[in-house]
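For reference, work.pdb is printed below; it contains PDB, C-alpha atoms.
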ATOM      1  CA  GLU A   1      -5.874  11.234 -15.835  1.00  0.00           C
ATOM      2  CA  ALA A   2      -6.864   7.591 -15.709  1.00  0.00           C
ATOM      3  CA  GLY A   3      -5.750   5.689 -12.640  1.00  0.00           C
ATOM      4  CA  VAL A   4      -4.285   2.233 -12.261  1.00  0.00           C
ATOM      5  CA  ALA A   5      -6.651  -0.369 -13.677  1.00  0.00           C
ATOM      6  CA  GLN A   6      -6.913  -3.932 -12.427  1.00  0.00           C
ATOM      7  CA  SER A   7      -9.021  -6.903 -13.400  1.00  0.00           C
ATOM      8  CA  PRO A   8     -10.809  -8.919 -12.357  1.00  0.00           C
ATOM      9  CA  ARG A   9     -12.072  -7.244  -9.191  1.00  0.00           C
ATOM     10  CA  TYR A  10     -13.033 -10.528  -7.570  1.00  0.00           C
ATOM     11  CA  LYS A  11     -12.015 -14.138  -8.141  1.00  0.00           C
ATOM     12  CA  ILE A  12     -12.988 -17.344  -6.371  1.00  0.00           C
ATOM     13  CA  ILE A  13     -11.074 -20.550  -7.126  1.00  0.00           C
ATOM     14  CA  GLU A  14     -10.460 -23.955  -5.642  1.00  0.00           C
ATOM     15  CA  LYS A  15      -7.058 -24.749  -4.144  1.00  0.00           C
ATOM     16  CA  ARG A  16      -4.544 -26.112  -6.631  1.00  0.00           C
ATOM     17  CA  GLN A  17      -6.175 -24.162  -9.470  1.00  0.00           C
ATOM     18  CA  SER A  18      -4.416 -21.407 -11.379  1.00  0.00           C
ATOM     19  CA  VAL A  19      -5.337 -17.732 -11.518  1.00  0.00           C
ATOM     20  CA  ALA A  20      -4.038 -14.618 -13.243  1.00  0.00           C
ATOM     21  CA  PHE A  21      -4.459 -10.937 -12.472  1.00  0.00           C
ATOM     22  CA  TRP A  22      -3.959  -8.063 -14.865  1.00  0.00           C
ATOM     23  CA  CYS A  23      -2.764  -4.522 -14.234  1.00  0.00           C
ATOM     24  CA  ASN A  24      -2.555  -1.456 -16.454  1.00  0.00           C
ATOM     25  CA  PRO A  25      -0.532   1.336 -14.810  1.00  0.00           C
ATOM     26  CA  ILE A  26      -0.912   5.063 -15.224  1.00  0.00           C
ATOM     27  CA  SER A  27       0.342   6.149 -18.631  1.00  0.00           C
ATOM     28  CA  GLY A  28       4.006   7.085 -18.570  1.00  0.00           C
ATOM     29  CA  HIS A  29       4.778   5.408 -15.260  1.00  0.00           C
ATOM     30  CA  ALA A  30       7.963   3.394 -15.545  1.00  0.00           C
ATOM     31  CA  THR A  31       7.709   1.553 -12.242  1.00  0.00           C
ATOM     32  CA  LEU A  32       5.073  -1.029 -11.424  1.00  0.00           C
ATOM     33  CA  TYR A  33       4.540  -2.875  -8.153  1.00  0.00           C
ATOM     34  CA  TRP A  34       2.464  -5.857  -7.051  1.00  0.00           C
ATOM     35  CA  TYR A  35       1.451  -6.089  -3.398  1.00  0.00           C
ATOM     36  CA  GLN A  36      -0.383  -8.762  -1.419  1.00  0.00           C
ATOM     37  CA  GLN A  37      -2.738  -7.577   1.320  1.00  0.00           C
ATOM     38  CA  ILE A  38      -3.985 -10.291   3.637  1.00  0.00           C
ATOM     39  CA  LEU A  39      -7.076  -9.425   5.661  1.00  0.00           C
ATOM     40  CA  GLY A  40      -6.176  -7.348   8.700  1.00  0.00           C
ATOM     41  CA  GLN A  41      -2.636  -6.631   7.514  1.00  0.00           C
ATOM     42  CA  GLY A  42      -0.894  -3.938   5.556  1.00  0.00           C
ATOM     43  CA  PRO A  43       0.126  -4.523   1.946  1.00  0.00           C
ATOM     44  CA  LYS A  44       3.337  -6.456   1.401  1.00  0.00           C
ATOM     45  CA  LEU A  45       5.443  -5.994  -1.714  1.00  0.00           C
ATOM     46  CA  LEU A  46       5.703  -9.038  -3.962  1.00  0.00           C
ATOM     47  CA  ILE A  47       7.571  -7.683  -6.972  1.00  0.00           C
ATOM     48  CA  GLN A  48       8.717  -4.410  -8.519  1.00  0.00           C
ATOM     49  CA  PHE A  49       9.344  -3.735 -12.200  1.00  0.00           C
ATOM     50  CA  GLN A  50      11.235  -0.864 -13.766  1.00  0.00           C
ATOM     51  CA  ASN A  51      10.006  -0.756 -17.363  1.00  0.00           C
ATOM     52  CA  ASN A  52      10.078  -4.451 -18.322  1.00  0.00           C
ATOM     53  CA  GLY A  53      12.851  -5.494 -15.936  1.00  0.00           C
ATOM     54  CA  VAL A  54      12.502  -6.898 -12.425  1.00  0.00           C
ATOM     55  CA  VAL A  55      14.015  -4.651  -9.723  1.00  0.00           C
ATOM     56  CA  ASP A  56      13.014  -6.635  -6.639  1.00  0.00           C
ATOM     57  CA  ASP A  57      11.272  -9.988  -6.363  1.00  0.00           C
ATOM     58  CA  SER A  58      12.792 -11.090  -3.075  1.00  0.00           C
ATOM     59  CA  GLN A  59       9.356 -11.524  -1.419  1.00  0.00           C
ATOM     60  CA  LEU A  60       7.740 -13.365  -4.321  1.00  0.00           C
ATOM     61  CA  PRO A  61       7.096 -17.083  -3.628  1.00  0.00           C
ATOM     62  CA  LYS A  62       8.662 -18.168  -6.879  1.00  0.00           C
ATOM     63  CA  ASP A  63       7.599 -21.782  -6.611  1.00  0.00           C
ATOM     64  CA  ARG A  64       4.000 -20.743  -7.289  1.00  0.00           C
ATOM     65  CA  PHE A  65       3.918 -17.051  -8.179  1.00  0.00           C
ATOM     66  CA  SER A  66       5.143 -15.482 -11.399  1.00  0.00           C
ATOM     67  CA  ALA A  67       4.817 -12.042 -12.911  1.00  0.00           C
ATOM     68  CA  GLU A  68       5.728 -10.387 -16.159  1.00  0.00           C
ATOM     69  CA  ARG A  69       5.661  -6.982 -17.783  1.00  0.00           C
ATOM     70  CA  LEU A  70       6.697  -7.843 -21.292  1.00  0.00           C
ATOM     71  CA  LYS A  71       6.348  -4.487 -23.062  1.00  0.00           C
ATOM     72  CA  GLY A  72       6.985  -2.293 -20.064  1.00  0.00           C
ATOM     73  CA  VAL A  73       3.323  -1.324 -19.724  1.00  0.00           C
ATOM     74  CA  ASP A  74       0.716  -3.905 -18.646  1.00  0.00           C
ATOM     75  CA  SER A  75       1.597  -6.582 -16.154  1.00  0.00           C
ATOM     76  CA  THR A  76       0.224  -9.996 -15.237  1.00  0.00           C
ATOM     77  CA  LEU A  77       0.604 -11.788 -11.906  1.00  0.00           C
ATOM     78  CA  LYS A  78      -0.050 -15.523 -11.879  1.00  0.00           C
ATOM     79  CA  ILE A  79      -0.478 -18.062  -9.119  1.00  0.00           C
ATOM     80  CA  GLN A  80      -0.104 -21.741  -9.997  1.00  0.00           C
ATOM     81  CA  PRO A  81      -1.167 -23.748  -8.028  1.00  0.00           C
ATOM     82  CA  ALA A  82      -3.093 -21.675  -5.496  1.00  0.00           C
ATOM     83  CA  LYS A  83      -3.112 -22.458  -1.785  1.00  0.00           C
ATOM     84  CA  LEU A  84      -5.639 -21.482   0.855  1.00  0.00           C
ATOM     85  CA  GLU A  85      -3.191 -18.961   2.330  1.00  0.00           C
ATOM     86  CA  ASP A  86      -3.100 -17.072  -0.976  1.00  0.00           C
ATOM     87  CA  SER A  87      -6.547 -15.642  -0.192  1.00  0.00           C
ATOM     88  CA  ALA A  88      -5.890 -11.904  -0.146  1.00  0.00           C
ATOM     89  CA  VAL A  89      -6.324  -8.684  -2.080  1.00  0.00           C
ATOM     90  CA  TYR A  90      -3.696  -8.240  -4.784  1.00  0.00           C
ATOM     91  CA  LEU A  91      -2.846  -4.613  -5.352  1.00  0.00           C
ATOM     92  CA  CYS A  92      -1.070  -3.121  -8.298  1.00  0.00           C
ATOM     93  CA  ALA A  93       0.624   0.265  -8.002  1.00  0.00           C
ATOM     94  CA  SER A  94       2.674   2.449 -10.312  1.00  0.00           C
ATOM     95  CA  SER A  95       4.970   5.427  -9.985  1.00  0.00           C
ATOM     96  CA  PHE A  96       6.657   7.741 -12.481  1.00  0.00           C
ATOM     97  CA  GLN A  97      10.088   6.576 -11.404  1.00  0.00           C
ATOM     98  CA  ARG A  98      11.390   4.736  -8.327  1.00  0.00           C
ATOM     99  CA  GLY A  99      12.927   7.540  -6.321  1.00  0.00           C
ATOM    100  CA  PRO A 100      12.092   7.755  -2.608  1.00  0.00           C
ATOM    101  CA  THR A 101       9.822  10.766  -3.181  1.00  0.00           C
ATOM    102  CA  ASP A 102       7.946   9.297  -6.145  1.00  0.00           C
ATOM    103  CA  THR A 103       4.353   8.673  -5.117  1.00  0.00           C
ATOM    104  CA  GLN A 104       2.931   5.223  -5.686  1.00  0.00           C
ATOM    105  CA  TYR A 105      -0.623   5.207  -7.051  1.00  0.00           C
ATOM    106  CA  PHE A 106      -2.707   2.132  -6.293  1.00  0.00           C
ATOM    107  CA  GLY A 107      -5.379   0.338  -8.246  1.00  0.00           C
ATOM    108  CA  PRO A 108      -8.615  -0.953  -6.682  1.00  0.00           C
ATOM    109  CA  GLY A 109      -7.195  -4.433  -6.188  1.00  0.00           C
ATOM    110  CA  THR A 110      -8.312  -7.965  -6.991  1.00  0.00           C
ATOM    111  CA  ARG A 111      -9.860  -9.891  -4.117  1.00  0.00           C
ATOM    112  CA  LEU A 112      -8.896 -13.575  -4.377  1.00  0.00           C
ATOM    113  CA  THR A 113     -10.674 -16.253  -2.375  1.00  0.00           C
ATOM    114  CA  VAL A 114      -9.187 -19.748  -2.448  1.00  0.00           C
ATOM    115  CA  LEU A 115     -11.567 -22.482  -1.263  1.00  0.00           C
TER     116      LEU A 115
ATOM    117  CA  GLY B   1      14.928  -4.654   8.587  1.00  0.00           C
ATOM    118  CA  ASP B   2      12.663  -1.704   7.964  1.00  0.00           C
ATOM    119  CA  SER B   3       9.274  -1.815   9.683  1.00  0.00           C
ATOM    120  CA  VAL B   4       6.334   0.293  10.796  1.00  0.00           C
ATOM    121  CA  THR B   5       4.355  -0.110  14.010  1.00  0.00           C
ATOM    122  CA  GLN B   6       0.945   1.439  13.968  1.00  0.00           C
ATOM    123  CA  MET B   7      -1.662   2.012  16.637  1.00  0.00           C
ATOM    124  CA  GLU B   8      -4.165  -0.789  16.586  1.00  0.00           C
ATOM    125  CA  GLY B   9      -7.817  -0.063  16.111  1.00  0.00           C
ATOM    126  CA  PRO B  10     -10.548   0.128  15.613  1.00  0.00           C
ATOM    127  CA  VAL B  11     -10.995   3.727  16.630  1.00  0.00           C
ATOM    128  CA  THR B  12     -14.474   5.177  17.024  1.00  0.00           C
ATOM    129  CA  LEU B  13     -14.928   8.930  17.440  1.00  0.00           C
ATOM    130  CA  SER B  14     -17.786  11.348  17.441  1.00  0.00           C
ATOM    131  CA  GLU B  15     -17.929  13.960  14.731  1.00  0.00           C
ATOM    132  CA  GLU B  16     -15.710  17.014  15.446  1.00  0.00           C
ATOM    133  CA  ALA B  17     -13.508  15.054  17.869  1.00  0.00           C
ATOM    134  CA  PHE B  18      -9.715  15.256  17.753  1.00  0.00           C
ATOM    135  CA  LEU B  19      -7.916  12.363  16.082  1.00  0.00           C
ATOM    136  CA  THR B  20      -4.473  10.942  16.718  1.00  0.00           C
ATOM    137  CA  ILE B  21      -3.226   7.712  15.168  1.00  0.00           C
ATOM    138  CA  ASN B  22       0.240   6.759  16.362  1.00  0.00           C
ATOM    139  CA  CYS B  23       2.940   5.464  14.047  1.00  0.00           C
ATOM    140  CA  THR B  24       6.560   4.633  14.814  1.00  0.00           C
ATOM    141  CA  TYR B  25       9.141   3.213  12.500  1.00  0.00           C
ATOM    142  CA  THR B  26      12.407   1.299  12.411  1.00  0.00           C
ATOM    143  CA  ALA B  27      14.726   1.975   9.519  1.00  0.00           C
ATOM    144  CA  THR B  28      18.339   2.422   8.612  1.00  0.00           C
ATOM    145  CA  GLY B  29      19.092   5.826   7.228  1.00  0.00           C
ATOM    146  CA  TYR B  30      16.406   8.406   6.582  1.00  0.00           C
ATOM    147  CA  PRO B  31      13.283   6.953   5.009  1.00  0.00           C
ATOM    148  CA  SER B  32      10.429   8.891   3.497  1.00  0.00           C
ATOM    149  CA  LEU B  33       7.208   8.523   5.495  1.00  0.00           C
ATOM    150  CA  PHE B  34       3.641   8.297   4.251  1.00  0.00           C
ATOM    151  CA  TRP B  35       0.055   8.028   5.352  1.00  0.00           C
ATOM    152  CA  TYR B  36      -2.265   6.219   2.968  1.00  0.00           C
ATOM    153  CA  VAL B  37      -6.047   6.010   3.355  1.00  0.00           C
ATOM    154  CA  GLN B  38      -8.458   3.375   2.116  1.00  0.00           C
ATOM    155  CA  TYR B  39     -12.086   4.484   1.966  1.00  0.00           C
ATOM    156  CA  PRO B  40     -14.778   1.782   1.885  1.00  0.00           C
ATOM    157  CA  GLY B  41     -14.845   0.088  -1.492  1.00  0.00           C
ATOM    158  CA  GLU B  42     -11.929   2.112  -2.839  1.00  0.00           C
ATOM    159  CA  GLY B  43      -8.229   1.635  -3.424  1.00  0.00           C
ATOM    160  CA  LEU B  44      -5.353   2.990  -1.358  1.00  0.00           C
ATOM    161  CA  GLN B  45      -4.803   6.728  -1.761  1.00  0.00           C
ATOM    162  CA  LEU B  46      -1.871   8.802  -0.626  1.00  0.00           C
ATOM    163  CA  LEU B  47      -3.031  11.153   2.120  1.00  0.00           C
ATOM    164  CA  LEU B  48       0.230  12.929   2.944  1.00  0.00           C
ATOM    165  CA  LYS B  49       3.973  12.418   3.032  1.00  0.00           C
ATOM    166  CA  ALA B  50       7.197  13.792   4.497  1.00  0.00           C
ATOM    167  CA  THR B  51      10.629  13.148   3.064  1.00  0.00           C
ATOM    168  CA  LYS B  52      12.996  14.464   5.732  1.00  0.00           C
ATOM    169  CA  ALA B  53      13.203  15.097   9.453  1.00  0.00           C
ATOM    170  CA  ASP B  54      10.961  17.883  10.814  1.00  0.00           C
ATOM    171  CA  ASP B  55       8.945  18.025   7.600  1.00  0.00           C
ATOM    172  CA  LYS B  56       5.203  18.315   8.126  1.00  0.00           C
ATOM    173  CA  GLY B  57       2.886  16.679   5.629  1.00  0.00           C
ATOM    174  CA  SER B  58      -0.675  17.938   5.425  1.00  0.00           C
ATOM    175  CA  ASN B  59      -3.796  17.329   3.371  1.00  0.00           C
ATOM    176  CA  LYS B  60      -7.567  17.548   3.908  1.00  0.00           C
ATOM    177  CA  GLY B  61      -7.056  18.846   7.448  1.00  0.00           C
ATOM    178  CA  PHE B  62      -4.778  15.942   8.391  1.00  0.00           C
ATOM    179  CA  GLU B  63      -1.204  16.558   9.518  1.00  0.00           C
ATOM    180  CA  ALA B  64       1.824  14.471  10.451  1.00  0.00           C
ATOM    181  CA  THR B  65       5.338  15.575  11.402  1.00  0.00           C
ATOM    182  CA  TYR B  66       8.452  13.500  10.716  1.00  0.00           C
ATOM    183  CA  ARG B  67      10.168  13.184  14.103  1.00  0.00           C
ATOM    184  CA  LYS B  68      13.565  11.579  13.771  1.00  0.00           C
ATOM    185  CA  GLU B  69      14.357  11.782  17.498  1.00  0.00           C
ATOM    186  CA  THR B  70      11.315   9.684  18.390  1.00  0.00           C
ATOM    187  CA  THR B  71      11.146   7.797  15.049  1.00  0.00           C
ATOM    188  CA  SER B  72       7.494   8.741  14.792  1.00  0.00           C
ATOM    189  CA  PHE B  73       5.007  10.056  12.238  1.00  0.00           C
ATOM    190  CA  HIS B  74       1.723  10.408  14.103  1.00  0.00           C
ATOM    191  CA  LEU B  75      -1.391  11.367  12.150  1.00  0.00           C
ATOM    192  CA  GLU B  76      -3.614  14.119  13.584  1.00  0.00           C
ATOM    193  CA  LYS B  77      -6.778  15.946  12.663  1.00  0.00           C
ATOM    194  CA  GLY B  78      -8.422  18.598  14.764  1.00  0.00           C
ATOM    195  CA  SER B  79     -12.042  17.871  13.881  1.00  0.00           C
ATOM    196  CA  VAL B  80     -13.040  14.631  12.179  1.00  0.00           C
ATOM    197  CA  GLN B  81     -16.049  14.207   9.932  1.00  0.00           C
ATOM    198  CA  VAL B  82     -18.168  11.186   9.114  1.00  0.00           C
ATOM    199  CA  SER B  83     -16.551  11.182   5.665  1.00  0.00           C
ATOM    200  CA  ASP B  84     -13.157  10.498   7.295  1.00  0.00           C
ATOM    201  CA  SER B  85     -14.276   6.974   8.190  1.00  0.00           C
ATOM    202  CA  ALA B  86     -11.702   4.740   6.534  1.00  0.00           C
ATOM    203  CA  VAL B  87      -8.656   2.579   7.184  1.00  0.00           C
ATOM    204  CA  TYR B  88      -5.416   4.533   7.597  1.00  0.00           C
ATOM    205  CA  PHE B  89      -1.996   3.018   6.837  1.00  0.00           C
ATOM    206  CA  CYS B  90       1.357   4.391   7.865  1.00  0.00           C
ATOM    207  CA  ALA B  91       4.216   3.459   5.546  1.00  0.00           C
ATOM    208  CA  LEU B  92       7.878   4.117   4.932  1.00  0.00           C
ATOM    209  CA  SER B  93       9.939   4.044   1.784  1.00  0.00           C
ATOM    210  CA  ASP B  94      13.322   2.471   2.099  1.00  0.00           C
ATOM    211  CA  GLN B  95      16.471   4.234   1.012  1.00  0.00           C
ATOM    212  CA  THR B  96      17.938   1.503  -1.154  1.00  0.00           C
ATOM    213  CA  GLY B  97      16.800   3.275  -4.282  1.00  0.00           C
ATOM    214  CA  ALA B  98      14.086   0.703  -4.928  1.00  0.00           C
ATOM    215  CA  ASN B  99      11.360   2.866  -3.330  1.00  0.00           C
ATOM    216  CA  ASN B 100       9.754  -0.156  -1.712  1.00  0.00           C
ATOM    217  CA  LEU B 101       6.967   0.697   0.711  1.00  0.00           C
ATOM    218  CA  PHE B 102       6.689  -1.002   4.100  1.00  0.00           C
ATOM    219  CA  PHE B 103       3.212  -0.667   5.578  1.00  0.00           C
ATOM    220  CA  GLY B 104       1.799  -0.846   9.073  1.00  0.00           C
ATOM    221  CA  THR B 105      -1.200  -3.034   9.773  1.00  0.00           C
ATOM    222  CA  GLY B 106      -3.727  -0.231   9.361  1.00  0.00           C
ATOM    223  CA  THR B 107      -6.098   1.524  11.761  1.00  0.00           C
ATOM    224  CA  ARG B 108      -9.823   1.514  11.076  1.00  0.00           C
ATOM    225  CA  LEU B 109     -11.486   4.807  11.976  1.00  0.00           C
ATOM    226  CA  THR B 110     -15.232   5.125  12.327  1.00  0.00           C
ATOM    227  CA  VAL B 111     -16.721   8.569  12.895  1.00  0.00           C
ATOM    228  CA  ILE B 112     -20.265   8.666  14.197  1.00  0.00           C
ATOM    229  CA  PRO B 113     -22.594  11.672  13.839  1.00  0.00           C
TER     230      PRO B 113
END

How does the structure come out when it is put into structure tokens?
Amino acid sequence: EAGVAQSPRYKIIEKRQSVAFWCNPISGHATLYWYQQILGQGPKLLIQFQNNGVVDDSQLPKDRFSAERLKGVDSTLKIQPAKLEDSAVYLCASSFQRGPTDTQYFGPGTRLTVL
Amino acid sequence: GDSVTQMEGPVTLSEEAFLTINCTYTATGYPSLFWYVQYPGEGLQLLLKATKADDKGSNKGFEATYRKETTSFHLEKGSVQVSDSAVYFCALSDQTGANNLFFGTGTRLTVIP
């Protein structure tokens, strides 16, 4: 079974530029999550989708971050414009459903460096 | 709000030593508890989980018991190997139905031969 795919793996941009990350979840998984992991910290949830609808985006900085999952499969996370403090690893995860015992499976992440 | 406090590292052990990584949590209700592991150059992987009080999760020789009375979920392994070198994250899943994970800060384990 293929895992969660993410691209690119690495990205370096200047501050105030825009960047987009892509995620393809495990086939059949209805729930998709984006996390931000700053160096030395644990991952922090940014947004959760159930199929193509947003379940929780309370931690998403909506003035600069946006995310979509138009057909309920792939998802894109965008940052526009980027700030220095956005340097982090962006993790995508998926689960079959969103029950408390449903395991979240993580992709390899995209490491973003903002200069 | 929900949170996880994890033993700070880094932790360095000799091969075959006993490992304990402490984890305590704060949550309303009865969260599910998890240990995730991140091997060098790889993504986060679920190591083990427990969904109710007194449950013991186990995998690859690692164990953790959900202790409601002490709000703890300490990770243990009787004899570590060099291949166990990784960063270990304790996490809880809230009970709002959203299944959001709250992670600790991670503990880096290095096992030396």

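Counting all atoms listed in the file, the residue from A:Asp63, A:Asp56, A:Asp86, A:Asp74 that sits nearest to chain B is A:Asp56.
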
Output check: residues returned by the PyMOL selection byres ((chain A) within 7 of (chain B)), as a ChimeraX atom specification:
/A:40-44,98-101,105-109

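If all atoms listed in the file are the atoms counted, then among B:Tyr66, B:Phe18, B:Tyr25, B:Tyr39 the closest residue to Gly1 of chain B is B:Tyr25.
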
Using Å and a single decimal, report how far atom CA of Leu39 of chain A sits from atom CA of Val114 of chain A.
13.3 Å

Could you please determine the separation between atom CA of Ser58 of chain A and atom CA of Ile26 of chain A in Å, to one decimal place?
24.4 Å

Translate the PyMOL selection byres ((chain B and resi 68-74) around 6) into a concrete residue list for this structure, as a list of chain:residue names.
B:Ile21, B:Asn22, B:Cys23, B:Thr24, B:Tyr25, B:Ala53, B:Ala64, B:Thr65, B:Tyr66, B:Arg67, B:Leu75

Using the chain letters and residue numbers of this document, give as an mmCIF file with C-alpha atoms, in the coordinates of the input the residues selected by the PyMOL selection byres ((chain B and resi 110) around 8).
data_model
loop_
_atom_site.group_PDB
_atom_site.id
_atom_site.type_symbol
_atom_site.label_atom_id
_atom_site.label_comp_id
_atom_site.auth_asym_id
_atom_site.auth_seq_id
_atom_site.Cartn_x
_atom_site.Cartn_y
_atom_site.Cartn_z
ATOM 1 C CA PRO B 10 -10.548 0.128 15.613
ATOM 2 C CA VAL B 11 -10.995 3.727 16.630
ATOM 3 C CA THR B 12 -14.474 5.177 17.024
ATOM 4 C CA LEU B 13 -14.928 8.930 17.440
ATOM 5 C CA VAL B 82 -18.168 11.186 9.114
ATOM 6 C CA ASP B 84 -13.157 10.498 7.295
ATOM 7 C CA SER B 85 -14.276 6.974 8.190
ATOM 8 C CA ALA B 86 -11.702 4.740 6.534
ATOM 9 C CA ARG B 108 -9.823 1.514 11.076
ATOM 10 C CA LEU B 109 -11.486 4.807 11.976
ATOM 11 C CA VAL B 111 -16.721 8.569 12.895
ATOM 12 C CA ILE B 112 -20.265 8.666 14.197
#

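Between atom CA of Ser18 of chain A and atom CA of Val4 of chain A lies a distance of 23.7 Å.
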
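Excluding Leu115 of chain A and any residue on its chain fewer than 2 positions from it, the residues at most 10 Å away by only C-alpha atoms are A:Ile12, A:Ile13, A:Glu14, A:Lys15, A:Arg16, A:Gln17, A:Ala82, A:Lys83, A:Leu84, A:Glu85, A:Ser87, A:Leu112, A:Thr113.
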
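Nearest-residue note for Pro113 of chain B: choosing from B:Leu47, B:Val37, B:Ala27, B:Ala17, the minimum distance belongs to B:Ala17, counting all atoms listed in the file.
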
With distances taken over all atoms listed in the file, which of A:Cys23, A:Ala5, A:Leu60, A:Leu70 is nearest to Gln36 of chain A?
A:Leu60

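Residue nearest Tyr35 of chain A within the list A:Val89, A:Gln104, A:Phe96, A:Ala2: A:Val89 [criterion: smallest interatomic distance, all atoms listed in the file].
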